[in-house]
Amino acid sequence: MTTGFLGTPWLLPALSSIDRDDLAYTMILKKDYPSWGYEIEMGSTTMWERWNSIGPDGSFGDEGMNSFNHYAYGAVGDWMYQNIGGISALKAGYKQSRIAPEVGGGLTSGHGTYESVYGTISSEWKAEGKNLDLDVTIPVNTTSKVVIPAANLTAVTEGGKPLAEVDGVSDVELADGVATFTIGSGSYSFRSDAQMALLGDLLTEVEKVDDRAAALQTAGDLAAGDRTQIGDGLGDVKTSVEDALAAILDGEAAQVSQHLSDGLAAVRTLKAWVASSSIDGPVKGDLTSRIEKLESLFGKGVANNLGVSVVIPPVAESARPGGVIAGTIDLTNNGSGDLTAVRAEIAIDGWKVDPITVRTDLVGAGDTVQLPFTVTVPKHQKPGTYDAAVAATFTSSYGTFTVKDSNPWIAVSTGVDISAVTTVSPADGSDERANLVVSVKNDSDAATSGQVAVTLPEGWTTAVPSQRVTIAAGESKDVTVPVFVGVETAGGASPVEVAFVDNGVVQASKESVITVNLQAPGNTDLPGQLDHVDFGKNASETAHALQASPSSGTNVEAGLDRRYSHTNTPGSWFSAEYQVTPGEPFLIRNLETFDGAKSKKYNIYVDDVLVNELQLKQTAGGQSTKAYQVLVDDPAVLANDGTVRIKYEFPLNAGGFYDPSIADSWILPAPADTLAPLASATVTSNALPGDNGWFRGDAAVAISAVDNRAGAVTVETGEAAGWQPYVAPVAISGDGKHELSYRAKDVLGHSTGERTVEVLIDGTAPGTQLSVTRGSGVDNADKATLKLTANDALSGVAATAYRIDGGAWQQVGADDKPVVEGFGEHVVEFFSTDVAGNPEPVRSMIVDLADVDGIAAIVAPQVVGAAVFGGTLKATTGTWNTKGLTYRYQWLRDGKAISGATGASLSCRPLTWVAGSRSR
């Protein structure tokens with residue numbers, strides 16, 4: 001902040017006048033230097049004369065002007081009275097006042113009083129959530145216009161009564177989310193209530209649906225009986241809302257939810273009746289969409305009254321295409337009853353992803369739960385910020401309702417970055433050419449393709465984009481963009497914008513500079529020059545017959561002798577005679593001096609013919625130089641005898657600009673045009689985005705070409721039918737590796753030669769075959785090995801994925817042998833994606849690992865051991881024709897079970913062994 005005594009009083013009012021109270025609050029609440037808060041932080045109890053009366057380092061300002069009790073910056077108090085206190089005058093002496101507090105800046109309350117000639121005017125406000133309470137006192141014999149934020153007039157009450165029922169309140173209006181009304185003398189307690197506002201919205205929507213039904217009847221699209229049925233249903237809905245409003249005003253909060261629940265039931269009944277009616281389909285759809293909006297608002301109203309809210313918090317870190325994002329749904333139950341069967345559905349605007357649903361069985365009274373979820377960013381999602389919406393459905397003692405929330409949720413970046421831009425100048429042996437070398441880094445998880453596009457300074461020849469390149473994940477590539485700097489140019493750095501673009505979508509951009517190396521050594525001749533004037537040096541100026549206006553002069557700037565016309569004298573000038581080649585175009589190259597970052601504007605005349613209205617900008621601070629050159633090819637000038645007079649004039653219309661200041665001036669022969677045009681091909685497609693440089697459908701190739709000199713450029717393209725004139729983008733159709741040739745020629749016949757662009761199109765998905773090999777032997781009878789074989793005829797197979805019985809998707813590695821385990825039927829789903837990005841439709845196969853029809857022993861169980869008193873007998877399990885068996889033992893004596901004898905062994909007594917039964 002650098003305003004002084006005159007500007008400071010108007011700074012915050014100016015912001016408020018353009019509805020930027022947010023910025024005004026930001027400024028008044030700042031605590032760093034320079035600000036009002038800074039003075040408080042430094043211990044001040046009065047206003048200072050200077051913002052830096054005490055510096056951040058504790059040092060004191062100039063004692064000649066450093067009062068610590070100086071009103072000037074305290075003028076901000078006027079804004080505080082009118083905006084925080086909300087009190088201002090509409091008529092002299094506050095005969096009519098205005099009460100309009102601006103709530104913001106994180107403040108939750110404010111209070112202001114003014115002792116007018118009529119008495120005390122006061123306002124006191126308190127904000128809590130979306131509710132605002134405003135207490136106002138107005139003295140006798142005066143009135144006040146009150147302004148309070150409100151979604152509708154239903155939201156605003158005074159002393160618990162609607163405004164229409166309050167004595168002393170008149171001229172009630174609503175516009176742009178603000179209620180305005182006039183009050184007489186007295187004390188008032190106003191409230192703008194979010195819950196009341198919601199019920200007001202409900203009444204408005206009921207009226208809209210009813211009006212629509214009436215309009216449909218008038219148009220002959222709704223029968224009278226149907227109109228009556230709808231009107232009666234809406235009447236029931238309206239009654240429920242009015243009952244809820246009355247319950248709020250009577251302080252019967254418990255009844256509000258019941259009335260709203262009744263209203264919602266009436267809405268659903270009406271919706272069901274419309275669905276089953278004989279109303280024409282288009283009319284039925286029109287009415288249903290409007291009734292569903294009512295249904296959603298009722299759910300919001302019940303949730304609000306129950307203290308239920310849902311939020312989908314924004315994700316702090318940006319994401320990249322293909323990345324997995326972890327998010328949460330925060331559901332709060334501030335009510336007194338439990339919520340059950342909670343289900344939240346999440347949708348992300350502009351993303352093509354499977355529906356996201358999360359659930360929880362219970363949210364207890366007073367609890368807040370977080371429901372985590374994950375989502376994968378679509379592979380080719382454009383960069384930008386995306387909104388997410390959540391609809392949470394829950395059941396309470398009043399029924400089942402839905403509450404919603406939406407927010408800007410996630411920022412998607414491409415992972416592509418332009419890390420550096422360097423200039424090669426001159427390029428290809430010509431001062432008219434330069435190359436921009438752009439370093440593009442791909443930090444994403446997938447290859448990216450595109451072209452580098454350059455926006456050059458105004459007046460330069462338009463740059464053509466680079467050739468299309470593909471950069472693998474994690475790699476960088478230097479991309480060269482050739483540009484024409486032109487014959488008429490300025491040396492040094494000029495601003496450019498560089499972007500990496502694919503199919504019209506900017507993946508990365510960077511502001512940079514192009515640096516033109518225009519040779520202009522002060523006090524020195526140039527190779528091949530025709531003449532050289534060393535301005536500011538008497539000998540050179542005399543030799544070149546210098547003429548100048550009286551204000552023109554010389555001195556040293558940027559270490560060089562120079563001549564200037566004079567900034568304070570519009571119309572001033574100076575001129576000199578130069579030697580040129582008669583009849584031939586030539587270049588004027590001048591070395592301009594500067595004493596700061598400035599813009600200059602002046603006219604250049606050759607033999608009294610205006611050849612250039614020059615504007616030259618220097619961005620560097622301090623004293624510096626900048627070279628530029630101008631082409632002179634006007635036939636009226638070229639008809640000379642070898643001597644011309646060149647005049648530099650600071651024009652009368654150069655307000656805001658500075659005058660010419662030239663240290664050295666050279667005349668050079670205009671170079672012959674030896675350069676071919678620049679040409680480039682841009683491939684676009686309306687098909688789905690492809691991967692790895694491939695397109696997934698038909699494409700079009702547009703050719704752009706520019707030349708360094710005036711005259712039309714001829715562009716031709718060629719495939720199998722020879723060279724053809726290029727008139728419009730060339731269509732490329734069908735799968736395959738296509739190649740298009742192109743070339744460009746200027747009016748002198750200079751040609752780029754044949755250039756080619758490769759267009760890779762693969763719109764066909766791969767195919768995958770699944771073979772199953774069941775395990776051998778009893779131990780492997782419940783297993784099967786899967787073999788997934790994928791083929792793609794063109795771009796090749798990139799990946800194959802599978803899942804078993806609805807589990808997580810997994811990619812098949814080179815040596816992977818997925819296994820299905822467990823007797824019974826299993827569902828194996830699988831698909832492949834090719835290098836071009838075409839996904840195969842998910843396929844499935846049932847793998848039946850059937851068990852044996854009957855259990856049979858391969859080796860029967862046996863009892864081993866000596867059957868003698870005191871001996872031990874042991875039972876073997878035997879070998880069976882299936883697996884997964886468990887065994888049960890029971891030892892018998894004389895055919896009867898021995899109590900407790902259920903182990904695999906038994907101390908000997910006379911007994912008989914019986915094999916147990918199978919347990920699965």
# chains A, B, ... in the order shown; residues from 1 in each chain; ligands from 1
call {"tool": "select_by_dssp", "arguments": {"residues": "region 375-598 of chain A", "states": "strand (DSSP E or B)", "output": "VMD selection string"}}
result
chain A and resid 375 to 376 384 to 396 399 to 412 416 to 424 427 430 433 to 442 448 to 455 469 to 471 476 to 484 489 to 490 492 to 502 505 to 516 531 to 534 547 to 548 553 to 557 560 to 564 573 to 579 586 to 594
call {"tool": "residues_around", "arguments": {"residues": "Glu242 (chain A)", "least_positions_apart": "6", "cutoff": "9 Å", "atoms": "only C-alpha atoms", "output": "VMD selection string"}}
result
chain A and resid 199 203 259
call {"tool": "residues_around", "arguments": {"residues": "Glu649 (chain A)", "least_positions_apart": "4", "cutoff": "10 Å", "atoms": "only C-alpha atoms", "output": "list in words"}}
result
Ala548, Ser549, Tyr564, Ser565, His566, Pro570, Gly571, Ser572, Trp573, Phe574, Ser575, Lys601, Tyr602, Asn603, Ile604, Tyr605, Glu613, Asp659 and Pro660 of chain A
call {"tool": "write_last_selection", "arguments": {"atoms": "N, CA and C atoms", "output": "compact mmCIF listing (two decimals), in the first residue's frame"}}
result
# COMPACT_ATOMS: atom_id res chain seq x y z
N ALA A 548 19.36 20.34 -36.17
CA ALA A 548 18.57 19.99 -34.98
C ALA A 548 17.75 21.18 -34.55
N SER A 549 16.64 20.88 -33.83
CA SER A 549 15.81 21.92 -33.23
C SER A 549 16.56 22.50 -32.03
N TYR A 564 19.92 13.73 -28.26
CA TYR A 564 18.50 13.61 -27.95
C TYR A 564 17.76 14.79 -28.54
N SER A 565 16.44 14.69 -28.70
CA SER A 565 15.65 15.84 -29.16
C SER A 565 15.18 16.64 -27.96
N HIS A 566 14.46 16.08 -27.03
CA HIS A 566 14.13 16.61 -25.70
C HIS A 566 12.71 16.18 -25.35
N PRO A 570 7.75 18.41 -27.21
CA PRO A 570 7.15 17.70 -28.36
C PRO A 570 7.34 18.52 -29.63
N GLY A 571 7.65 17.83 -30.70
CA GLY A 571 7.95 18.49 -31.97
C GLY A 571 9.43 18.70 -32.20
N SER A 572 10.26 18.44 -31.17
CA SER A 572 11.71 18.61 -31.32
C SER A 572 12.27 17.50 -32.22
N TRP A 573 13.47 17.73 -32.78
CA TRP A 573 14.00 16.78 -33.76
C TRP A 573 15.51 16.98 -33.94
N PHE A 574 16.11 16.05 -34.66
CA PHE A 574 17.47 16.23 -35.18
C PHE A 574 17.61 15.35 -36.42
N SER A 575 18.55 15.69 -37.30
CA SER A 575 18.72 14.94 -38.55
C SER A 575 20.18 14.96 -38.97
N LYS A 601 8.65 6.90 -28.45
CA LYS A 601 7.85 7.00 -29.66
C LYS A 601 8.36 8.18 -30.48
N TYR A 602 8.75 7.90 -31.74
CA TYR A 602 9.17 8.99 -32.61
C TYR A 602 9.06 8.58 -34.06
N ASN A 603 9.04 9.59 -34.92
CA ASN A 603 8.92 9.39 -36.36
C ASN A 603 10.28 9.43 -37.01
N ILE A 604 10.45 8.60 -38.05
CA ILE A 604 11.69 8.58 -38.83
C ILE A 604 11.33 8.99 -40.27
N TYR A 605 11.97 10.05 -40.72
CA TYR A 605 11.77 10.55 -42.08
C TYR A 605 13.05 10.34 -42.88
N GLU A 613 6.88 4.95 -37.97
CA GLU A 613 6.42 5.54 -36.72
C GLU A 613 6.86 4.57 -35.62
N ASP A 659 11.53 10.74 -25.84
CA ASP A 659 12.07 11.24 -27.10
C ASP A 659 13.20 10.35 -27.61
N PRO A 660 13.60 10.52 -28.90
CA PRO A 660 14.74 9.77 -29.43
C PRO A 660 16.04 10.17 -28.75
call {"tool": "atom_distance", "arguments": {"atom1": "CA of Asp595 (chain A)", "atom2": "CA of Glu541 (chain A)"}}
result
22.6 Å
call {"tool": "residues_around", "arguments": {"residues": "Ala254 (chain A)", "least_positions_apart": "2", "cutoff": "12 Å", "atoms": "only C-alpha atoms", "output": "PDB file with C-alpha atoms, in the first residue's frame"}}
result
ATOM      1  CA  ALA A 244     -43.426 -25.615   9.440  1.00  0.00           C
ATOM      2  CA  ALA A 247     -43.666 -23.965  14.171  1.00  0.00           C
ATOM      3  CA  ILE A 248     -40.356 -22.113  13.753  1.00  0.00           C
ATOM      4  CA  ASP A 250     -43.585 -20.482  17.747  1.00  0.00           C
ATOM      5  CA  GLY A 251     -40.310 -22.067  18.821  1.00  0.00           C
ATOM      6  CA  GLU A 252     -41.573 -25.622  18.271  1.00  0.00           C
ATOM      7  CA  VAL A 256     -40.750 -28.533  12.030  1.00  0.00           C
ATOM      8  CA  SER A 257     -39.266 -31.832  10.882  1.00  0.00           C
ATOM      9  CA  GLN A 258     -42.639 -33.549  11.147  1.00  0.00           C
ATOM     10  CA  HIS A 259     -44.365 -30.908   9.015  1.00  0.00           C
ATOM     11  CA  LEU A 260     -41.595 -31.037   6.439  1.00  0.00           C
ATOM     12  CA  SER A 261     -41.752 -34.833   6.454  1.00  0.00           C
ATOM     13  CA  VAL A 302     -35.509 -31.793   6.906  1.00  0.00           C
ATOM     14  CA  ASN A 305     -33.747 -28.964  10.828  1.00  0.00           C
ATOM     15  CA  LEU A 306     -32.320 -32.246  12.070  1.00  0.00           C
ATOM     16  CA  GLY A 307     -28.831 -30.766  12.146  1.00  0.00           C
ATOM     17  CA  GLY A 335     -29.500 -33.813  15.940  1.00  0.00           C
ATOM     18  CA  SER A 336     -30.861 -35.870  18.810  1.00  0.00           C
ATOM     19  CA  GLY A 337     -31.647 -39.002  16.806  1.00  0.00           C
ATOM     20  CA  SER A 397     -37.342 -41.360  12.629  1.00  0.00           C
ATOM     21  CA  TYR A 398     -39.131 -39.001  10.216  1.00  0.00           C
TER      22      TYR A 398
END
call {"tool": "residues_around", "arguments": {"residues": "Thr332 (chain A)", "least_positions_apart": "5", "cutoff": "6 Å", "atoms": "only C-alpha atoms", "output": "VMD selection string"}}
result
chain A and resid 308 to 309 368
call {"tool": "residues_around", "arguments": {"residues": "Thr480 (chain A)", "least_positions_apart": "2", "cutoff": "9 Å", "atoms": "only C-alpha atoms", "output": "list in words"}}
result
Asn435, Leu436, Val437, Val438, Ser439, Val452, Ser466, Gln467, Asp478 and Pro482 of chain A
call {"tool": "closest_residue", "arguments": {"among": "A:Gln451, A:Ser704, A:Thr785, A:Asn838", "to": "Ala728 (chain A)", "atoms": "only C-alpha atoms"}}
result
A:Ser704
call {"tool": "select_by_dssp", "arguments": {"residues": "region 309-543 of chain A", "states": "helix (DSSP H, G or I)", "output": "ChimeraX atom specification"}}
result
/A:538-543
call {"tool": "write_last_selection", "arguments": {"atoms": "all heavy atoms", "output": "PDB file, in the first residue's frame"}}
result
ATOM      1  N   ASN A 538      31.235  15.620 -32.013  1.00  0.00           N
ATOM      2  CA  ASN A 538      31.176  16.782 -32.904  1.00  0.00           C
ATOM      3  C   ASN A 538      31.704  16.480 -34.293  1.00  0.00           C
ATOM      4  O   ASN A 538      31.114  16.879 -35.298  1.00  0.00           O
ATOM      5  CB  ASN A 538      31.933  17.951 -32.279  1.00  0.00           C
ATOM      6  CG  ASN A 538      31.806  19.217 -33.104  1.00  0.00           C
ATOM      7  OD1 ASN A 538      30.709  19.735 -33.281  1.00  0.00           O
ATOM      8  ND2 ASN A 538      32.941  19.715 -33.608  1.00  0.00           N
ATOM      9  N   ALA A 539      32.822  15.777 -34.392  1.00  0.00           N
ATOM     10  CA  ALA A 539      33.436  15.518 -35.697  1.00  0.00           C
ATOM     11  C   ALA A 539      32.497  14.731 -36.591  1.00  0.00           C
ATOM     12  O   ALA A 539      32.321  15.045 -37.772  1.00  0.00           O
ATOM     13  CB  ALA A 539      34.753  14.777 -35.511  1.00  0.00           C
ATOM     14  N   SER A 540      31.892  13.677 -36.039  1.00  0.00           N
ATOM     15  CA  SER A 540      30.996  12.839 -36.837  1.00  0.00           C
ATOM     16  C   SER A 540      29.736  13.615 -37.212  1.00  0.00           C
ATOM     17  O   SER A 540      29.251  13.529 -38.348  1.00  0.00           O
ATOM     18  CB  SER A 540      30.632  11.574 -36.078  1.00  0.00           C
ATOM     19  OG  SER A 540      29.818  10.734 -36.865  1.00  0.00           O
ATOM     20  N   GLU A 541      29.195  14.376 -36.260  1.00  0.00           N
ATOM     21  CA  GLU A 541      27.980  15.130 -36.564  1.00  0.00           C
ATOM     22  C   GLU A 541      28.246  16.192 -37.627  1.00  0.00           C
ATOM     23  O   GLU A 541      27.430  16.418 -38.527  1.00  0.00           O
ATOM     24  CB  GLU A 541      27.421  15.773 -35.290  1.00  0.00           C
ATOM     25  CG  GLU A 541      26.856  14.755 -34.298  1.00  0.00           C
ATOM     26  CD  GLU A 541      26.133  15.415 -33.137  1.00  0.00           C
ATOM     27  OE1 GLU A 541      26.349  16.628 -32.907  1.00  0.00           O
ATOM     28  OE2 GLU A 541      25.346  14.720 -32.470  1.00  0.00           O
ATOM     29  N   THR A 542      29.420  16.847 -37.560  1.00  0.00           N
ATOM     30  CA  THR A 542      29.758  17.865 -38.553  1.00  0.00           C
ATOM     31  C   THR A 542      29.927  17.232 -39.923  1.00  0.00           C
ATOM     32  O   THR A 542      29.454  17.765 -40.946  1.00  0.00           O
ATOM     33  CB  THR A 542      31.034  18.603 -38.141  1.00  0.00           C
ATOM     34  OG1 THR A 542      30.832  19.244 -36.864  1.00  0.00           O
ATOM     35  CG2 THR A 542      31.430  19.645 -39.169  1.00  0.00           C
ATOM     36  N   ALA A 543      30.586  16.077 -39.957  1.00  0.00           N
ATOM     37  CA  ALA A 543      30.808  15.394 -41.230  1.00  0.00           C
ATOM     38  C   ALA A 543      29.504  14.957 -41.867  1.00  0.00           C
ATOM     39  O   ALA A 543      29.436  14.780 -43.092  1.00  0.00           O
ATOM     40  CB  ALA A 543      31.719  14.190 -41.018  1.00  0.00           C
TER      41      ALA A 543
END
call {"tool": "atom_distance", "arguments": {"atom1": "CA of Val483 (chain A)", "atom2": "CA of Ile514 (chain A)"}}
result
9.9 Å
call {"tool": "closest_residue", "arguments": {"among": "A:Thr142, A:Ser844, A:Gln529, A:Ser187", "to": "Glu158 (chain A)", "atoms": "only C-alpha atoms"}}
result
A:Ser187
call {"tool": "atom_distance", "arguments": {"atom1": "CA of Tyr386 (chain A)", "atom2": "CA of Val412 (chain A)"}}
result
7.7 Å
call {"tool": "closest_residue", "arguments": {"among": "A:Ala389, A:Leu216, A:Val713, A:Ile329", "to": "Gln370 (chain A)", "atoms": "only C-alpha atoms"}}
result
A:Ile329
call {"tool": "residues_around", "arguments": {"residues": "Val311 (chain A)", "least_positions_apart": "3", "cutoff": "8 Å", "atoms": "only C-alpha atoms", "output": "PDB file with all heavy atoms, in the first residue's frame"}}
result
ATOM      1  N   ILE A 329     -15.994 -38.027   2.503  1.00  0.00           N
ATOM      2  CA  ILE A 329     -17.280 -37.389   2.716  1.00  0.00           C
ATOM      3  C   ILE A 329     -17.434 -37.198   4.219  1.00  0.00           C
ATOM      4  O   ILE A 329     -17.326 -38.157   4.983  1.00  0.00           O
ATOM      5  CB  ILE A 329     -18.440 -38.262   2.182  1.00  0.00           C
ATOM      6  CG1 ILE A 329     -18.245 -38.567   0.702  1.00  0.00           C
ATOM      7  CG2 ILE A 329     -19.774 -37.571   2.439  1.00  0.00           C
ATOM      8  CD1 ILE A 329     -18.212 -37.356  -0.174  1.00  0.00           C
ATOM      9  N   ASP A 330     -17.644 -35.955   4.655  1.00  0.00           N
ATOM     10  CA  ASP A 330     -17.835 -35.657   6.078  1.00  0.00           C
ATOM     11  C   ASP A 330     -19.329 -35.482   6.341  1.00  0.00           C
ATOM     12  O   ASP A 330     -19.942 -34.534   5.836  1.00  0.00           O
ATOM     13  CB  ASP A 330     -17.086 -34.392   6.475  1.00  0.00           C
ATOM     14  CG  ASP A 330     -15.574 -34.555   6.374  1.00  0.00           C
ATOM     15  OD1 ASP A 330     -15.128 -35.677   6.114  1.00  0.00           O
ATOM     16  OD2 ASP A 330     -14.859 -33.552   6.542  1.00  0.00           O
ATOM     17  N   LEU A 331     -19.886 -36.385   7.118  1.00  0.00           N
ATOM     18  CA  LEU A 331     -21.317 -36.337   7.436  1.00  0.00           C
ATOM     19  C   LEU A 331     -21.471 -36.053   8.921  1.00  0.00           C
ATOM     20  O   LEU A 331     -20.956 -36.796   9.769  1.00  0.00           O
ATOM     21  CB  LEU A 331     -21.993 -37.661   7.078  1.00  0.00           C
ATOM     22  CG  LEU A 331     -23.514 -37.696   7.222  1.00  0.00           C
ATOM     23  CD1 LEU A 331     -24.167 -36.780   6.200  1.00  0.00           C
ATOM     24  CD2 LEU A 331     -24.036 -39.114   7.046  1.00  0.00           C
ATOM     25  N   VAL A 390     -21.971 -34.401  -3.881  1.00  0.00           N
ATOM     26  CA  VAL A 390     -22.329 -35.585  -3.100  1.00  0.00           C
ATOM     27  C   VAL A 390     -23.801 -35.488  -2.748  1.00  0.00           C
ATOM     28  O   VAL A 390     -24.313 -34.417  -2.406  1.00  0.00           O
ATOM     29  CB  VAL A 390     -21.457 -35.706  -1.824  1.00  0.00           C
ATOM     30  CG1 VAL A 390     -21.565 -34.466  -0.958  1.00  0.00           C
ATOM     31  CG2 VAL A 390     -21.837 -36.946  -1.035  1.00  0.00           C
ATOM     32  N   ASP A 405     -24.261 -31.599  -1.308  1.00  0.00           N
ATOM     33  CA  ASP A 405     -23.230 -30.572  -1.231  1.00  0.00           C
ATOM     34  C   ASP A 405     -22.408 -30.644  -2.510  1.00  0.00           C
ATOM     35  O   ASP A 405     -22.302 -31.708  -3.145  1.00  0.00           O
ATOM     36  CB  ASP A 405     -22.307 -30.789  -0.023  1.00  0.00           C
ATOM     37  CG  ASP A 405     -21.209 -29.727   0.067  1.00  0.00           C
ATOM     38  OD1 ASP A 405     -21.556 -28.538   0.078  1.00  0.00           O
ATOM     39  OD2 ASP A 405     -20.026 -30.090   0.105  1.00  0.00           O
ATOM     40  N   SER A 406     -21.858 -29.527  -2.912  1.00  0.00           N
ATOM     41  CA  SER A 406     -20.943 -29.506  -4.058  1.00  0.00           C
ATOM     42  C   SER A 406     -19.895 -28.434  -3.818  1.00  0.00           C
ATOM     43  O   SER A 406     -20.167 -27.414  -3.183  1.00  0.00           O
ATOM     44  CB  SER A 406     -21.686 -29.250  -5.366  1.00  0.00           C
ATOM     45  OG  SER A 406     -22.316 -27.989  -5.351  1.00  0.00           O
TER      46      SER A 406
END
call {"tool": "closest_residue", "arguments": {"among": "A:Ser899, A:Thr154, A:Thr204, A:Asn442", "to": "Ala246 (chain A)", "atoms": "only C-alpha atoms"}}
result
A:Thr154
